[in-house]
Amino acid sequence: MACSQCMSNNLSVFPAEVNIHFPGIADLDKPSVWVFPSLVVCLDCGLAQFRLSLDQSQRLAKRNGRPHQDETSAEAA
């Protein structure tokens, strides 16, 4: 796998914890969502990426007030 930014193969995987906050003053009362993904970091350009589990993305969608879309309904839109 190569970095999607610089095409380097110098990637490393790190365990991570990410606290996702909802933006804006209106969303200050929404609790943040903690996720614990594996973080893929390009050690050349610094690009970092992670993927959420379906459960984690559903929790984000629910707390954001939007229904979760699975891949088939997202592709149809």
# chains A, B, ... in the order shown; residues from 1 in each chain; ligands from 1

call {"tool": "select_by_dssp", "arguments": {"residues": "chain A", "states": "helix (DSSP H, G or I)", "output": "list of chain:residue names"}}
result
A:Ile25, A:Ala26, A:Asp27, A:Leu54, A:Asp55, A:Gln56, A:Ser57, A:Gln58, A:Arg59, A:Leu60, A:Ala61, A:Lys62, A:Arg63, A:Glu71, A:Thr72, A:Ser73, A:Ala74, A:Glu75, A:Ala76

call {"tool": "residues_around", "arguments": {"residues": "stretch 36-53 of chain A", "least_positions_apart": "6", "cutoff": "6 Å", "atoms": "only C-alpha atoms", "output": "PyMOL selection string"}}
result
chain A and resi 10-17

call {"tool": "write_last_selection", "arguments": {"atoms": "C-alpha atoms", "output": "CSV table (one decimal), in the first residue's frame"}}
result
chain,number,residue,atom,x,y,z
A,10,ASN,CA,7.1,4.4,4.2
A,11,LEU,CA,3.8,3.8,6.2
A,12,SER,CA,3.4,2.7,9.8
A,13,VAL,CA,0.3,1.7,11.8
A,14,PHE,CA,-0.2,3.0,15.3
A,15,PRO,CA,-3.0,2.4,17.8
A,16,ALA,CA,-4.9,5.6,18.5
A,17,GLU,CA,-7.6,7.2,20.5

call {"tool": "residues_around", "arguments": {"residues": "A:Asn19", "least_positions_apart": "5", "cutoff": "9 Å", "atoms": "only C-alpha atoms", "output": "ChimeraX atom specification"}}
result
/A:32-36

call {"tool": "write_last_selection", "arguments": {"atoms": "C-alpha atoms", "output": "short mmCIF file (atom, residue, chain, number, x, y, z; two decimals), in the first residue's frame"}}
result
data_model
loop_
_atom_site.label_atom_id
_atom_site.label_comp_id
_atom_site.auth_asym_id
_atom_site.auth_seq_id
_atom_site.Cartn_x
_atom_site.Cartn_y
_atom_site.Cartn_z
CA SER A 32 -18.21 13.77 21.93
CA VAL A 33 -17.58 10.29 20.55
CA TRP A 34 -14.44 8.36 21.51
CA VAL A 35 -13.08 5.98 18.86
CA PHE A 36 -9.99 3.76 19.00
#

call {"tool": "residues_around", "arguments": {"residues": "A:Arg63", "least_positions_apart": "3", "cutoff": "12 Å", "atoms": "only C-alpha atoms", "output": "PyMOL selection string"}}
result
chain A and resi 20-22+27-33+56-60+66-68

call {"tool": "select_by_dssp", "arguments": {"residues": "chain A", "states": "strand (DSSP E or B)", "output": "MDAnalysis selection string"}}
result
chainID A and resid 11:15 18:20 33:35 38:42 48:49
